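Following: one structure in structure tokens, then a few remarks.
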Amino acid sequence: MSEPKYPKCVKIESKPSDFCPGCGHSIVLKNLGFVIDELGISDKSVFVTDIGCSLLAWDYYNINSVQSHHGRGVSVSTGIKLAQPKKVVISYMGDGGGYAIGLHHLLHAAKRNEPLTVILVNNTVFAMTGGQAAPTTIIGEDTESTPEGQFVEGPIFGPNLIKQVADKKAFIARGSVDNIPQLKKYLKLAIENQINNNAFSFLEILSYCPTNWKTNTQKTFDFLDTLKRIYETGIVDDEKK
Amino acid sequence: MQDPIVMAEAERIPFVAYIGQRGGPSTGTVIYSQQELNLATRGGNGEAMRLVLGPSNLQELYDFMILAFDWAFRYRLPVIVLGDGYLSKTMGSVILKKAGKVKAAKSILDFDHPVNIRNTYSQEEELSQIILRELKDFAAIGSKVEKSEVIKCDDAEVVVFAWGTVGSAAREAVEKLRKEGLKVGLFRPITLKPFGAQKAKIAVKNAKKILIAESSFGQFGRLVLESLFGVKDLSVERLYKPAQGIISEEIEEKLREMIK
């Protein structure tokens with residue numbers, strides 16, 4: 001049996017990571033690691049985590065990292081980029097931090113076209129606190145705080161919302177953990193846009209949370225398919241489509 | 001505001017804040033108060049490891065901001081300059097200093113040997129040990145930076161305790177009464193955190209009475225009485241005017257009554 005292939009920038013001694021079995025974060029982080037290796041930027045990157053499950057990535061890589069608060073990872077990243085403009089700053093968060101508690105940080109960073117790469121993993125729930133409804137929870141979805149289904153509010157379309165205020169140079173897209181080639185392509189574009197165009201990038205990634213969805217393997221895949229019918233994947237830019 | 005301060009405490013990230021205290025609760029007034037002392041010195045869900053400076057005039061406001069940046073980078077702690085509406089809006093002359101260079105004790109990010117800065121723990125014991133270690137370090141830093149202004153306390157029968165803008169008013173009152181031969185003194189903490197408890201005890205060694213003057217209702221008084229714990233035969237008068245300024249004449253009048 002061959003050893004699993006990890007990106008070089010991954011901190012092996014911090015593995016196994018603390019994510020639940022079946023969690024989509026590991027898929028995102030591993031592929032982000034491959035992209036960082038490919039671009040050769042591990043020695044000039046700063047990885048900023050948020051609060052929520054995303055913070056469990058604080059020592060995922062052998063890369064400088066700082067942990068911040070809900071959504072404020074974007075503001076901390078802004079500060080780091082101001083102090084170290086030649087470094088590559090990647091802000092990593094979940095939908096609870098990015099779209100609920102700390103949305104304003106994200107919107108204003110996009111509006112100011114801060115040269116950052118923001119990656120937001122969307123699993124439709126506040127996962128670390130036990131699976132409560134989030135702004136991304138879809139109509140009819142069972143959560144810990146909506147046990148009979150969430151029928152009050154529609155989902156939030158983050159990339160479209162950000163597109164409203166973002167600069168023309170911004171790269172804005174949505175990917176998914178079940179489409180690795182597309183995911184890697186978007187991760188690369190989101191980082192290259194910071195390096196080459198000194199512009200803002202935002203990538204939402206639809207992800208699995210079997211623990212809080214209370215789903216087995218097949219149902220986990222099925223629910224992600226349902227999400228993809230509501231949350232369209234692709235680049236939010238007519239010209240680039 | 002407490003959110004980033006406690007995170008900076010935990011991660012030892014240099015952090016400087018100027019707070020212009022407003023009258024509260026909540027929106028209250030935008031004019032003036034000394035009501036954010038509790039928040040500044042004791043706020044957050046931790047052990048409040050931050051340095052708090054209380055400027056009493058424009059010159060100090062200017063000087064302490066420079067000091068705040070120096071301390072923040074030197075000690076990697078949050079430093080708060082706790083001003084108020086009067087200081088924030090007063091125009092006056094200040095002697096400018098030649099700008100010095102702030103030197104970081106050590107670079108926080110290291111691109112040769114990456115650091116992973118976190119404030120998330122899964123074991124109670126682990127976090128508790130870290131807090132105890134940090135508190136020890138904070139106490140050592142505190143003893144280096146602690147500052148107070150002590151005026152004519154050696155033979156004072158009545159000592160006024162005041163800080164910030166009220167401290168300025170108290171200084172004026174004490175200086176005036178001293179010219180008349182009245183034995184009054186002033187203790188004004190410049191660092192409100194850490195509070196110079198030992199110096200405060202020495203300041204009242206010959207006093208029979210103290211006066212605590214503040215534009216809040218006991219927030220400062222609590223710090224003073226805590227610092228004087230164990231001192232016997234000392235009567236305490238209070239001039240508490242929450243969210244309202246205190247002028248030197250009021251302190252003067254109060255001191256005259258007390259020294260009779």
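FYI, nothing fancy with the structure tokens labels: chains A, B, ... in order, residues from 1 per chain, ligands from 1 as they appear.
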Quick one: residues within 10 Å of range 54-61 of chain A, only C-alpha atoms, excluding same-chain residues fewer than 2 positions away - as a PyMOL selection string? (chain A and resi 7-19+25-26+29-30+33+42+47-52+63-70+92-95+97+120-121+127-128) or (chain B and resi 114-121)
Hey, can you spit out that residue selection with C-alpha atoms as a CSV table (one decimal), in the first residue's frame?
```csv
chain,number,residue,atom,x,y,z
A,7,PRO,CA,1.3,18.4,-0.9
A,8,LYS,CA,4.8,19.5,0.2
A,9,CYS,CA,3.6,22.5,2.1
A,10,VAL,CA,1.5,20.4,4.4
A,11,LYS,CA,2.7,20.0,8.0
A,12,ILE,CA,2.8,16.2,8.3
A,13,GLU,CA,3.4,16.3,12.1
A,14,SER,CA,0.0,18.0,12.7
A,15,LYS,CA,-1.8,15.1,11.0
A,16,PRO,CA,-4.2,13.4,11.3
A,17,SER,CA,-6.1,16.7,11.4
A,18,ASP,CA,-9.0,17.4,13.8
A,19,PHE,CA,-11.7,17.4,11.1
A,25,HIS,CA,-12.4,20.9,4.7
A,26,SER,CA,-9.6,18.3,4.2
A,29,LEU,CA,-7.1,22.1,2.2
A,30,LYS,CA,-5.2,19.3,0.4
A,33,GLY,CA,-1.8,22.8,-0.7
A,42,SER,CA,4.7,28.4,0.4
A,47,PHE,CA,-2.7,31.7,5.9
A,48,VAL,CA,-5.4,33.3,8.0
A,49,THR,CA,-8.1,31.2,9.7
A,50,ASP,CA,-11.4,32.2,11.2
A,51,ILE,CA,-13.6,30.8,14.0
A,52,GLY,CA,-15.6,27.7,13.4
A,63,ILE,CA,3.2,28.2,6.3
A,64,ASN,CA,2.9,31.3,8.5
A,65,SER,CA,-0.6,31.3,9.9
A,66,VAL,CA,-2.7,33.5,12.2
A,67,GLN,CA,-6.1,32.7,13.7
A,68,SER,CA,-8.7,35.4,13.9
A,69,HIS,CA,-12.4,35.8,14.7
A,70,HIS,CA,-15.6,35.2,12.7
A,92,TYR,CA,-9.9,30.9,5.0
A,93,MET,CA,-13.4,30.7,6.6
A,94,GLY,CA,-16.7,29.1,6.8
A,95,ASP,CA,-20.2,30.3,5.8
A,97,GLY,CA,-18.2,33.4,10.0
A,120,LEU,CA,-15.2,30.4,2.1
A,121,VAL,CA,-16.3,26.8,2.7
A,127,ALA,CA,-20.9,23.1,12.1
A,128,MET,CA,-18.6,23.6,15.0
B,114,PRO,CA,6.9,29.6,9.7
B,115,VAL,CA,4.9,30.2,12.8
B,116,ASN,CA,1.3,29.0,13.4
B,117,ILE,CA,-0.3,31.6,15.7
B,118,ARG,CA,-3.5,30.2,17.3
B,119,ASN,CA,-5.8,30.7,20.2
B,120,THR,CA,-7.7,27.4,20.2
B,121,TYR,CA,-7.1,24.6,22.6
```
Using only C-alpha atoms, which protein or nucleic acid residues come within 10 Å of Ser201 in chain A? Drop anything in the same chain fewer than 3 positions from it, and give the result as a list of chain:residue names.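 Near Ser201 in chain A, the qualifying residues are A:Ile90, A:Ala109, A:Ala110, A:Asn113, A:Glu114, A:Pro115, A:Leu116, A:Thr117, A:Val118, A:Ile119, A:Ala166, A:Asp167, A:Lys169, A:Ala170, A:Phe171, A:Ile172, A:Ala173, A:Tyr186, A:Leu187, A:Leu189, A:Ala190, A:Ile191, A:Glu192, A:Asn193, A:Gln194, A:Asn198.
The shortest atom-to-atom distance to Asp3 in chain B, with only C-alpha atoms taken into account, belongs to A:Arg72 out of A:Ile205, A:Arg72, A:Glu141, A:Lys44.
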Which of range 68-190 of chain B counts as helix (DSSP H, G or I) under DSSP, as JSON, numbers by chain please?
{"B": [68, 69, 70, 71, 72, 73, 74, 75, 85, 86, 87, 88, 89, 124, 125, 126, 127, 128, 129, 130, 131, 132, 133, 134, 135, 136, 137, 138, 139, 140, 141, 142, 143, 144, 145, 164, 165, 166, 167, 168, 169, 170, 171, 172, 173, 174, 175, 176, 177, 178, 179]}
- Within 8 Å of Pro55 in chain B, counting only C-alpha atoms, which residues qualify if same-chain residues fewer than 2 places away don't, as number ranges by chain? B: 53, 57-58, 60-61, 64, 81-83, 163-165, 190
* Pick out each residue of range 9-116 of chain B that DSSP on the backbone tags as strand (DSSP E); I need them as a PyMOL selection string. => chain B and resi 15-21+51-53+78-84+116
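CA of Glu214 in chain B is positioned 24.7 Å from CA of Glu180 in chain B.
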